[in-house]
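Heads up, model-v8.txt below (compact mmCIF, C-alpha atoms and all ligand atoms):
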# COMPACT_ATOMS: atom_id res chain seq x y z
CA MET A 19 -2.78 11.61 -26.76
CA PRO A 20 -6.08 11.96 -28.70
CA ILE A 21 -8.25 8.87 -28.78
CA ASN A 22 -8.28 7.27 -32.22
CA ARG A 23 -11.91 6.61 -33.10
CA ARG A 24 -11.11 3.75 -35.44
CA GLU A 25 -9.14 1.98 -32.68
CA LEU A 26 -12.03 2.46 -30.28
CA MET A 27 -14.42 0.80 -32.70
CA SER A 28 -12.21 -2.12 -33.59
CA GLY A 29 -14.04 -5.03 -31.99
CA ALA A 30 -11.75 -7.52 -33.72
CA ALA A 31 -8.71 -6.00 -32.01
CA ILE A 32 -10.41 -6.25 -28.62
CA ALA A 33 -11.32 -9.91 -29.21
CA ALA A 34 -7.75 -10.67 -30.28
CA ALA A 35 -6.39 -9.00 -27.15
CA ALA A 36 -8.80 -10.96 -24.94
CA SER A 37 -7.86 -14.31 -26.47
CA ALA A 38 -4.19 -13.50 -25.83
CA MET A 39 -4.84 -13.26 -22.09
CA PRO A 40 -2.34 -15.50 -20.31
CA LEU A 41 -3.70 -18.65 -18.69
CA GLY A 42 -2.34 -17.83 -15.25
CA PHE A 43 -4.22 -14.56 -15.10
CA ALA A 44 -7.43 -16.12 -16.46
CA ALA A 45 -7.26 -18.94 -13.89
CA GLY A 46 -6.69 -16.50 -11.04
CA THR A 47 -9.65 -14.42 -12.15
CA ALA A 48 -11.90 -17.48 -12.43
CA LYS A 49 -10.93 -18.68 -8.95
CA ALA A 50 -11.58 -15.28 -7.41
CA ALA A 51 -14.85 -15.02 -9.31
CA GLU A 52 -15.97 -18.30 -7.70
CA MET A 53 -15.49 -16.61 -4.35
CA GLY A 54 -17.51 -13.65 -5.54
CA LYS A 55 -14.58 -11.23 -5.59
CA PRO A 56 -12.65 -9.98 -8.60
CA ALA A 57 -8.90 -10.67 -8.39
CA GLY A 58 -6.66 -7.71 -7.62
CA VAL A 59 -3.23 -9.09 -8.44
CA PHE A 60 -0.54 -7.31 -10.47
CA SER A 61 2.77 -9.09 -10.96
CA TYR A 62 5.98 -7.63 -12.33
CA LYS A 63 9.75 -8.07 -12.20
CA LEU A 64 12.25 -5.75 -10.58
CA GLY A 65 15.62 -7.10 -11.70
CA ASP A 66 15.67 -10.64 -10.30
CA MET A 67 12.89 -9.91 -7.82
CA GLU A 68 9.37 -11.07 -8.51
CA CYS A 69 6.89 -8.54 -7.15
CA LEU A 70 3.14 -8.75 -6.74
CA ALA A 71 0.79 -5.92 -5.87
CA LEU A 72 -2.17 -7.41 -3.99
CA ASN A 73 -5.25 -5.31 -3.43
CA ASP A 74 -6.96 -5.27 -0.04
CA GLY A 75 -10.08 -3.46 -1.19
CA VAL A 76 -11.12 0.16 -0.84
CA ALA A 77 -12.81 2.32 1.77
CA ASN A 78 -15.58 4.62 0.46
CA PHE A 79 -17.09 7.35 2.61
CA PRO A 80 -18.61 10.82 2.21
CA LEU A 81 -15.81 13.41 2.16
CA PRO A 82 -15.79 14.75 5.71
CA ASP A 83 -14.91 18.32 6.68
CA GLY A 84 -11.33 18.42 7.92
CA PHE A 85 -10.22 15.44 5.84
CA VAL A 86 -7.27 17.60 4.82
CA LYS A 87 -6.08 19.59 7.83
CA ASN A 88 -4.85 22.57 5.82
CA ALA A 89 -7.30 22.74 2.88
CA SER A 90 -11.02 23.48 2.77
CA THR A 91 -13.62 20.83 1.87
CA GLN A 92 -14.31 22.86 -1.29
CA GLU A 93 -10.63 22.78 -2.32
CA VAL A 94 -10.43 19.03 -1.66
CA GLY A 95 -13.65 18.38 -3.62
CA ASP A 96 -12.27 20.48 -6.51
CA ALA A 97 -9.07 18.38 -6.53
CA LEU A 98 -11.13 15.17 -6.63
CA ALA A 99 -13.24 16.57 -9.50
CA ARG A 100 -10.09 17.49 -11.44
CA ALA A 101 -9.08 13.81 -11.13
CA LEU A 102 -12.54 12.87 -12.50
CA MET A 103 -13.61 11.51 -9.12
CA ASP A 104 -16.84 12.22 -7.23
CA PRO A 105 -16.11 15.45 -5.31
CA ALA A 106 -18.36 14.37 -2.41
CA THR A 107 -16.89 10.88 -1.89
CA MET A 108 -13.51 9.80 -0.64
CA SER A 109 -12.35 6.41 -1.95
CA ILE A 110 -9.14 5.13 -0.39
CA PRO A 111 -7.68 1.95 -1.89
CA PHE A 112 -5.33 -0.43 -0.05
CA THR A 113 -2.61 -2.47 -1.78
CA ALA A 114 0.06 -4.62 -0.11
CA ILE A 115 3.13 -6.07 -1.82
CA VAL A 116 4.74 -9.49 -1.97
CA VAL A 117 8.39 -9.71 -3.02
CA LYS A 118 9.99 -13.05 -3.88
CA THR A 119 13.76 -12.79 -3.67
CA GLY A 120 16.64 -15.12 -2.86
CA GLY A 121 14.26 -18.06 -2.42
CA LYS A 122 12.27 -16.17 0.26
CA THR A 123 8.79 -14.66 0.15
CA VAL A 124 8.32 -11.28 1.84
CA LEU A 125 4.98 -9.53 2.46
CA ILE A 126 5.04 -5.77 3.09
CA ASP A 127 2.01 -4.74 5.19
CA THR A 128 -0.97 -6.99 5.85
CA GLY A 129 -4.12 -5.06 4.95
CA ASN A 130 -7.21 -4.43 7.06
CA GLY A 131 -7.66 -8.08 8.02
CA PRO A 132 -10.40 -10.59 7.22
CA LYS A 133 -12.76 -9.13 9.83
CA ALA A 134 -12.88 -5.73 8.08
CA GLY A 135 -15.60 -6.90 5.70
CA GLY A 136 -17.52 -4.74 3.25
CA THR A 137 -15.28 -3.47 0.50
CA ARG A 138 -12.09 -4.03 2.53
CA GLY A 139 -10.02 -7.04 3.56
CA THR A 140 -9.52 -8.78 0.20
CA LEU A 141 -5.77 -9.40 0.65
CA PHE A 142 -6.13 -13.04 1.76
CA SER A 143 -8.31 -14.02 -1.22
CA ASN A 144 -5.90 -12.20 -3.54
CA LEU A 145 -2.94 -14.08 -2.02
CA GLU A 146 -4.88 -17.26 -2.81
CA SER A 147 -5.60 -16.10 -6.35
CA ALA A 148 -1.86 -15.49 -6.77
CA GLY A 149 -1.12 -19.05 -5.56
CA ILE A 150 0.61 -17.86 -2.37
CA ASP A 151 -0.01 -19.91 0.78
CA ARG A 152 0.10 -17.68 3.89
CA ALA A 153 2.13 -20.40 5.64
CA ALA A 154 4.80 -20.04 2.93
CA ILE A 155 5.50 -16.37 3.73
CA ASP A 156 8.95 -16.13 5.34
CA ILE A 157 8.97 -12.46 6.39
CA VAL A 158 6.22 -9.93 7.07
CA ALA A 159 7.54 -6.36 7.15
CA ILE A 160 5.34 -3.59 8.54
CA SER A 161 5.56 0.10 7.54
CA HIS A 162 3.62 1.41 10.55
CA PHE A 163 0.98 0.33 13.05
CA HIS A 164 -2.22 1.88 11.66
CA PRO A 165 -5.07 -0.70 11.51
CA ASP A 166 -5.14 -0.93 7.69
CA HIS A 167 -1.50 -2.15 7.79
CA ILE A 168 -1.45 -4.49 10.81
CA GLY A 169 -5.08 -5.68 10.81
CA GLY A 170 -4.21 -8.71 8.67
CA LEU A 171 -1.62 -10.05 11.13
CA LEU A 172 -4.46 -12.07 12.73
CA ASP A 173 -7.02 -14.19 10.89
CA GLU A 174 -10.79 -14.42 11.47
CA ASN A 175 -10.15 -16.68 14.52
CA ASP A 176 -7.52 -14.34 16.00
CA ASP A 177 -4.76 -16.83 15.15
CA VAL A 178 -1.58 -15.57 13.50
CA SER A 179 -2.19 -15.28 9.75
CA PHE A 180 1.42 -16.01 8.81
CA PRO A 181 2.46 -18.87 11.13
CA ASN A 182 5.98 -19.35 9.75
CA ALA A 183 6.92 -15.71 9.24
CA GLU A 184 9.42 -13.52 11.01
CA LEU A 185 7.68 -10.21 11.77
CA VAL A 186 9.88 -7.17 11.07
CA ILE A 187 8.61 -3.93 12.64
CA PRO A 188 9.94 -0.35 12.75
CA GLU A 189 11.58 0.31 16.12
CA GLY A 190 10.00 3.80 16.28
CA GLU A 191 6.53 2.29 15.90
CA ALA A 192 7.19 -0.30 18.59
CA ALA A 193 8.51 2.39 20.94
CA PHE A 194 5.42 4.55 20.46
CA TRP A 195 2.47 2.14 20.13
CA LEU A 196 3.61 -0.59 22.52
CA ASP A 197 4.35 1.86 25.34
CA GLU A 198 1.85 1.46 28.17
CA ALA A 199 2.12 5.13 29.27
CA ASN A 200 1.41 6.34 25.70
CA ALA A 201 -1.57 3.98 25.50
CA ASN A 202 -3.00 5.29 28.77
CA ALA A 203 -2.46 8.93 27.78
CA ALA A 204 -3.97 8.51 24.29
CA PRO A 205 -7.25 10.24 23.41
CA ASP A 206 -10.23 7.85 23.38
CA GLY A 207 -10.37 7.83 19.59
CA ARG A 208 -6.85 6.46 19.38
CA LYS A 209 -7.03 3.89 22.18
CA PRO A 210 -8.35 1.06 19.93
CA ASN A 211 -5.28 1.48 17.70
CA PHE A 212 -2.98 1.01 20.72
CA ALA A 213 -4.95 -2.10 21.76
CA LEU A 214 -4.80 -3.52 18.23
CA ALA A 215 -1.02 -3.00 18.04
CA LYS A 216 -0.49 -4.73 21.40
CA LYS A 217 -2.68 -7.69 20.44
CA ASN A 218 -1.58 -8.21 16.82
CA ILE A 219 2.16 -7.65 17.30
CA GLY A 220 2.11 -9.49 20.63
CA ALA A 221 0.63 -12.58 18.95
CA TYR A 222 3.93 -13.11 17.11
CA GLY A 223 5.89 -13.48 20.35
CA ASP A 224 9.56 -14.27 19.74
CA ALA A 225 9.23 -14.07 15.96
CA VAL A 226 9.42 -10.26 16.08
CA ARG A 227 12.50 -8.30 14.95
CA HIS A 228 12.80 -4.51 15.38
CA ILE A 229 14.40 -2.54 12.55
CA GLY A 230 15.77 1.01 12.36
CA ASP A 231 16.40 3.52 9.57
CA GLY A 232 18.46 1.91 6.79
CA GLY A 233 18.05 -1.55 8.28
CA GLU A 234 17.95 -4.67 6.12
CA VAL A 235 14.69 -6.61 5.98
CA ILE A 236 16.38 -9.14 3.69
CA GLY A 237 19.11 -8.68 1.05
CA GLY A 238 17.83 -6.03 -1.42
CA ILE A 239 15.07 -4.63 0.84
CA ASN A 240 16.09 -1.80 3.18
CA THR A 241 14.05 0.57 5.31
CA LEU A 242 14.10 4.34 4.89
CA ALA A 243 12.79 6.55 7.69
CA ALA A 244 9.70 8.46 6.54
CA TYR A 245 8.51 9.90 9.85
CA GLY A 246 5.50 12.15 10.32
CA HIS A 247 2.54 10.07 9.18
CA THR A 248 3.25 8.13 12.38
CA PRO A 249 6.26 8.49 14.72
CA GLY A 250 8.21 5.55 13.26
CA HIS A 251 6.71 5.24 9.76
CA MET A 252 9.02 3.54 7.23
CA ALA A 253 9.36 3.36 3.45
CA PHE A 254 11.23 0.44 1.84
CA ARG A 255 13.87 0.64 -0.87
CA LEU A 256 14.04 -2.41 -3.11
CA SER A 257 17.20 -2.99 -5.19
CA SER A 258 17.98 -5.76 -7.64
CA GLY A 259 20.82 -5.34 -10.13
CA SER A 260 20.39 -1.89 -11.69
CA LYS A 261 16.68 -1.74 -10.79
CA GLN A 262 15.28 0.15 -7.81
CA MET A 263 11.85 0.72 -6.40
CA MET A 264 10.61 2.80 -3.48
CA VAL A 265 7.71 1.38 -1.51
CA LEU A 266 6.32 4.70 -0.24
CA SER A 267 3.92 3.11 2.28
CA ASP A 268 1.76 6.01 3.59
CA THR A 269 4.19 8.79 2.71
CA THR A 270 1.26 10.00 0.61
CA ASN A 271 -2.39 9.06 0.90
CA HIS A 272 -4.55 9.30 -2.26
CA PRO A 273 -2.36 10.71 -5.07
CA ALA A 274 -5.12 12.91 -6.55
CA LEU A 275 -4.85 14.96 -3.35
CA PHE A 276 -1.40 14.47 -1.84
CA VAL A 277 0.86 13.80 -4.82
CA ARG A 278 -0.74 16.79 -6.59
CA ASN A 279 -0.54 18.87 -3.37
CA PRO A 280 2.29 17.44 -1.27
CA GLN A 281 1.90 20.22 1.34
CA TRP A 282 -1.63 19.06 2.13
CA GLN A 283 -1.87 17.08 5.34
CA VAL A 284 -4.36 14.22 5.56
CA ARG A 285 -6.10 13.94 8.93
CA PHE A 286 -4.29 10.60 9.48
CA ASP A 287 -0.87 12.33 9.44
CA MET A 288 -0.07 12.36 13.15
CA ASP A 289 2.61 15.07 12.81
CA GLY A 290 1.26 16.98 9.81
CA ASP A 291 4.22 19.33 9.29
CA MET A 292 6.79 16.57 9.52
CA ALA A 293 4.72 14.34 7.22
CA ALA A 294 4.55 17.10 4.58
CA GLN A 295 8.33 17.69 4.77
CA THR A 296 8.96 13.96 4.40
CA ARG A 297 6.50 13.75 1.49
CA VAL A 298 8.12 16.60 -0.46
CA LYS A 299 11.61 15.18 0.12
CA MET A 300 10.57 11.69 -0.92
CA LEU A 301 8.57 12.74 -4.01
CA ASP A 302 11.46 14.97 -5.05
CA MET A 303 13.90 12.08 -4.77
CA VAL A 304 11.85 9.44 -6.58
CA SER A 305 10.92 11.84 -9.41
CA ALA A 306 14.53 13.06 -9.83
CA ASP A 307 15.77 9.45 -9.90
CA ASP A 308 12.83 8.33 -12.11
CA MET A 309 12.40 5.47 -9.66
CA LEU A 310 9.51 3.02 -9.78
CA VAL A 311 7.26 3.56 -6.74
CA ALA A 312 4.50 1.71 -4.96
CA GLY A 313 1.97 3.58 -2.83
CA TYR A 314 -0.23 1.74 -0.34
CA HIS A 315 -3.17 4.08 -1.01
CA PHE A 316 -2.66 4.56 -4.75
CA PRO A 317 -5.36 3.24 -7.14
CA PHE A 318 -4.61 -0.27 -8.32
CA PRO A 319 -2.07 -1.46 -9.44
CA ALA A 320 -0.64 1.10 -7.00
CA THR A 321 2.65 1.06 -8.88
CA GLY A 322 4.11 3.71 -11.19
CA HIS A 323 6.30 6.76 -11.51
CA ILE A 324 6.15 10.22 -9.96
CA VAL A 325 6.61 13.17 -12.31
CA LYS A 326 7.24 16.75 -11.17
CA ASP A 327 4.47 19.09 -12.33
CA GLY A 328 4.46 22.75 -11.28
CA SER A 329 4.41 23.06 -7.51
CA GLY A 330 3.27 19.44 -7.14
CA TYR A 331 3.66 16.08 -8.80
CA GLN A 332 1.68 13.64 -10.93
CA LEU A 333 1.42 9.89 -10.60
CA ALA A 334 1.85 7.95 -13.84
CA LEU A 335 0.37 4.55 -13.02
CA ALA A 336 2.02 1.43 -14.48
CA ALA A 337 0.10 -0.20 -17.31
CA TRP A 338 -0.85 -3.81 -16.68
CA GLN A 339 1.09 -6.19 -18.91
CA PRO A 340 0.36 -9.88 -19.35
CA GLN A 341 3.14 -12.15 -18.04
CA LEU A 342 3.67 -14.42 -21.06
ZN ZN B 401 -2.68 3.41 5.54
Just dump the structure as structure tokens.
Amino acid sequence: MPINRRELMSGAAIAAAASAMPLGFAAGTAKAAEMGKPAGVFSYKLGDMECLALNDGVANFPLPDGFVKNASTQEVGDALARALMDPATMSIPFTAIVVKTGGKTVLIDTGNGPKAGGTRGTLFSNLESAGIDRAAIDIVAISHFHPDHIGGLLDENDDVSFPNAELVIPEGEAAFWLDEANANAAPDGRKPNFALAKKNIGAYGDAVRHIGDGGEVIGGINTLAAYGHTPGHMAFRLSSGSKQMMVLSDTTNHPALFVRNPQWQVRFDMDGDMAAQTRVKMLDMVSADDMLVAGYHFPFPATGHIVKDGSGYQLALAAWQPQL
């Protein structure tokens, strides 16, 4: 749609829009601003479910060679430029989700953790901005055991971050990452991930429940196997009344690369071929069903729709709407 110049120049319209900002949002922003961090909270309804996308920051780094296993650095840079991003820099956002349903509060994935620092690890301050006490979270569900998803299970003192929560983990992830023989056989670069999984999952002791493909986290939230990124990686299907949403987890990394080019394999995909097959199948399904999706590494609010486009797909991000 062409940009209407008169609309662009209408300062009065902008002022009117700003004054209509709901109090809850303004208060959350002010509180986060006191802490020196802008709020990254997006709330919306899915049927009777109340959902919140909560940003955990972003990782910025020079685009390394081999970032995509089966595309050249030049091709990857070109794809970033086509998305109006810096072709020499990779920026990977992180966004977790809270779902309030049936009187319970569920958190899906826990971010990098408060020790991550820098431009990462903002989930806890965003939970605070959203008025959610970590002690009030009933269930924490994990998609997979990479550090940006389980890092937040422990706080800055290495105590459990969610003291009253049941921890629901994919059985395939537990079987792989918590296996002593796998840990010993792992290449040096991957050993810290095994140690982190053992420590952070282990801290929850008896409060851990293993879940398989199609298992129920809580009524209305079911797992869907999305193997390849890691051996037991899970997506989550949310259903409330006639409304459905697919929490894609890491089925795709940054959409400018992997929604546009679903065959591309990010270096973090542990089984690249299987991850690509899963990605194509999943993107095909959610676009055919016109289903709302959430992507852990999508730009904020990390919520939207997937649209088929040629040999790939496009992400149409949700527009932020004030909750009046
Ligand atoms: Zn991730």
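What separates CA of Tyr314 in chain A from CA of Asp268 in chain A is a distance of 6.1 Å.
Within 9 Å of range 322-325 of chain A, once all atoms listed in the file are used and residues closer than 4 positions along the same chain are dropped, the contacting residues are Val277, Leu301, Asp302, Val304, Ser305, Ala306, Asp308, Met309, Leu310, Val311, Ala312, Gly313, Gly330, Tyr331, Gln332, Leu333, Ala334, Leu335, Ala336 and Ala337 of chain A.
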Checklist line | Counting all atoms listed in the file, the option among A:Ser161, A:Asn175, A:Thr119, A:Thr91 closest to ligand ZN 401 (chain B) | finding: A:Ser161
Check: Looking at only C-alpha atoms, which of A:Asn271, A:Asn78, A:Asn240, A:Asn211 is the one that sits closest to Val284 in chain A?
Finding: A:Asn271
Notebook entry, point to check: At most 9 Å from (0.0, 19.1, -5.5), file frame, all atoms listed in the file: which residues, as JSON, numbers by chain?
Noted result: {"A": [273, 274, 275, 276, 277, 278, 279, 280, 281, 282, 327, 328, 329, 330, 331, 332]}
Report the centre and edge lengths, in Å to one decimal, of an axis-aligned box enclosing every atom of range 62-81 of chain A listed in the file, padded by 6 Å on each side, as lines of an AutoDock Vina configuration file.
center_x = -1.5
center_y = 1.2
center_z = -4.9
size_x = 46.3
size_y = 36.5
size_z = 26.9
Notebook entry, point to check: Can you tell me how far CA of Glu174 in chain A sits from CA of Ala134 in chain A, in Å to one decimal?
Noted result: 9.6 Å
Between chain A and ligand ZN 401 (chain B), at 9 Å or less, what are the per-residue closest atom pairs and their distances in Å? Count all atoms listed in the file, order by chain and rising residue number, and return it as a tab-separated table.
residue	atom	partner	partner_atom	distance
A:Ile110	CA	B:ZN401	ZN	8.9
A:Phe112	CA	B:ZN401	ZN	7.3
A:Gly129	CA	B:ZN401	ZN	8.6
A:His162	CA	B:ZN401	ZN	8.3
A:Phe163	CA	B:ZN401	ZN	8.9
A:His164	CA	B:ZN401	ZN	6.3
A:Pro165	CA	B:ZN401	ZN	7.6
A:Asp166	CA	B:ZN401	ZN	5.4
A:His167	CA	B:ZN401	ZN	6.1
A:Ser267	CA	B:ZN401	ZN	7.4
A:Asp268	CA	B:ZN401	ZN	5.5
A:Asn271	CA	B:ZN401	ZN	7.3
A:Phe286	CA	B:ZN401	ZN	8.4
A:Tyr314	CA	B:ZN401	ZN	6.6
A:His315	CA	B:ZN401	ZN	6.6
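The nearest approach to Asp156 in chain A among the residues A:Ile168, A:Ala106, A:Val235, A:Ala221, with only C-alpha atoms taken into account, belongs to A:Val235.
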Item checked: Residue nearest Leu196 in chain A among A:Gly232, A:Pro181, A:Asp289, A:Lys217 (counting all atoms listed in the file) -> A:Lys217
